[in-house]
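Asks: The following block contains the structure, expressed as structure tokens.
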Amino acid sequence: MASLWRLALAAAMCGALILSSSSAAAAAGKKTGRITVYWGQTAAEGRLREACGSGLYTTVIVSFLTGFGGGRYKLDLAGHDRGAVGPDVKYCQSRGVLVLLSIGGGIGRYSLASKADAKAVADHLWDFYLGGRSKSRPFGDAVLDGIDFDIELGRPAHYDDLARYLKAYSGRKPGGKKVWLTAAPQCPFPDRMLGEALRTGVFDRVHVQFYNNPACSYRASNAAAFAAAWRKWASSLPRSSVYLGLPAAPGAANSGYVPPAALAGEALPIVQRSRNYGGVMLWSRYWDRRTGYSKKIKRAV
């Protein structure tokens with residue numbers, strides 16, 4: 001009888017272990033439905049209000065502040081009417097969509113010469129786009145939710161300082177809003193431009209660009225390298241939500257486009273195993289509007 005009891009107990013424990021493992025696997029393989037999109041680089045993509053009103057995106061990143069540092073600043077919205085952006089930002093926020101400003105990009109002139117320069121840029125971003133006060137705010141009294149770092153040019157120095165200075169503004173009066181910080185590093189790890197900044201641990205979300213980098217982009221023949229790169233990013237950012245960054249069309253990037261069926265059936269099951277998987281980032285609203293990519297993938301995200 002004692003032997004039979006021990007056998008039954010072992011079977012029960014085994015079953016509980018299997019159930020626990022299955023539950024953990026299910027929890028790890030989560031879907032968030034969150035899609036971030038970049039907007040602002042062509043008037044052909046439509047207004048910001050239209051992007052937010054589509055119901056497809058949880059975050060829209062206005063791009064780009066292409067010039068900063070040394071007291072010089074340049075906002076490039078490529079043909080968009082700046083006067084319409086402020087009211088559109090408020091509309092987006094009323095629908096629960098976060099709106100951030102991206103600094104940097106692949107075209108422009110920007111750098112940080114010193115820690116003092118980083119502080120000056122942080123102060124400018126606060127006064128002109130976030131919760132501060134300036135008589136010449138580009139979007140009027142609209143208060144953006146945060147700043148995105150898409151640093152691809154210049155030197156990597158002092159972006160860690162800039163991130164800390166910006167995060168220190170969270171909760172500051174008037175308004176007391178949180179300042180969201182996101183970043184868009186390239187998938188080769190660590191990112192040459194943002195490595196030091198990301199090590200600060202102050203970024204809420206990191207949209208890793210798994211495109212224009214064939215060594216770590218997803219395709220069936222490169223699935224193992226893609227998975228290894230994703231795991232490295234996810235494990236290195238335990239305090240951040242990590243997003244899979246993709247082009248929304250074959251023409252949106254030189255490489256890295258993943259067809260919707262392959263994304264849903266092959267790539268997403270890999271990245272959704274990570275506890276800090278956050279969703280998908282798309283470049284860009286213009287391309288997504290042409291292809292309907294986000295509509296095709298949203299249920300799988």
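Each chain in the structure tokens gets a letter, A, B and so on, in the order shown; residues start at 1 in every chain, and ligands are counted from 1 in the order they appear.
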Fewer than 6 positions away in the same chain doesn't count, so skip those; otherwise give me all residues within 9 Å of Asp288 in chain A, counting only C-alpha atoms, as JSON, numbers by chain.

Replies: {"A": [37, 45, 247, 248, 249, 282, 294, 295]}

Asks: Residues at most 10 Å from Asp191 in chain A, counting only C-alpha atoms, excluding those fewer than 5 positions away in the same chain, as a list in words?

Replies: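 What passes the distance filter is Ile151, Glu152, Pro156, Ala184, Pro185, Gln186, Glu196, Ala197, Leu198, Val208 and Trp233 of chain A.
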
Asks: Within 10 Å of Val62 in chain A, counting only C-alpha atoms, which residues show up once you throw out same-chain ones fewer than 4 positions away? Write them as JSON, numbers by chain, please.

Replies: {"A": [37, 38, 39, 40, 41, 48, 76, 77, 85, 89, 99, 100, 101, 102, 103, 144, 147, 148]}

Asks: Would you list, as number ranges by chain, the residues of range 97-274 of chain A that end up in helix (DSSP H, G or I) under DSSP run on this structure's backbone?

Replies: A: 115-128, 159-167, 195-198, 220-236, 250-252, 260-271

Asks: Can you tell me which residues surround range 163-177 of chain A at a distance of at most 9 Å, considering only C-alpha atoms, apart from same-chain residues fewer than 5 positions away, and format the answer as a count of residues only?

Replies: 18

Asks: Under the rule that only C-alpha atoms are counted, which of A:Ala223, A:Leu181, A:Ala113, A:Cys216 is the nearest residue to Ser240 in chain A?

Replies: A:Leu181

Asks: Check the smallest atom-to-atom distance from each of A:Gly86, A:Gly70, A:Gly256, A:Pro238 to Asn222 in chain A using only C-alpha atoms, then report the winner.

Replies: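 Among A:Gly86, A:Gly70, A:Gly256, A:Pro238, it is A:Gly256 that comes nearest to Asn222 in chain A.
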
Asks: Measuring atom to atom with only C-alpha atoms, identify which of A:Pro188, A:Gly33, A:Gly46, A:Pro250 is nearest to Ala78 in chain A.

Replies: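 Of A:Pro188, A:Gly33, A:Gly46, A:Pro250, the one nearest Ala78 in chain A is A:Gly46, counting only C-alpha atoms.
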
Asks: Measuring between only C-alpha atoms, which one of A:Gly292, A:Gly278, A:Pro260, A:Pro87 shows the shortest distance to Asp204 in chain A?

Replies: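 Smallest distance to Asp204 in chain A is found for A:Gly278.
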
Asks: Report as a list in words: the residues of range 159-278 of chain A with a DSSP assignment of strand (DSSP E), based on the backbone of this structure.

Replies: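 Going through range 159-278 of chain A, the strand (DSSP E) residues come out as Trp180, Leu181, Thr182, Ala183, Arg205, Val206, His207, Val208, Gln209, Ser241, Val242, Tyr243, Leu244, Gly245, Leu246, Pro247, Tyr277 and Gly278 of chain A.
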
Asks: Which residues are close to Arg231 in chain A, i.e. within 12 Å by only C-alpha atoms, leaving aside same-chain residues fewer than 5 positions away? Reply as a list in words.

Replies: Cys187, Pro188, Phe189, Val208, Cys216, Ala224, Ala225, Phe226, Ser236, Leu237, Pro238, Val242, Tyr243, Leu244, Ile270, Val271, Gln272, Arg273, Ser274, Arg275, Asn276 and Tyr277 of chain A

Asks: Nearest to Lys115 in chain A among A:Val301, A:Ala157, A:Leu65, A:Leu194, with distances taken over only C-alpha atoms: which residue is it?

Replies: A:Ala157
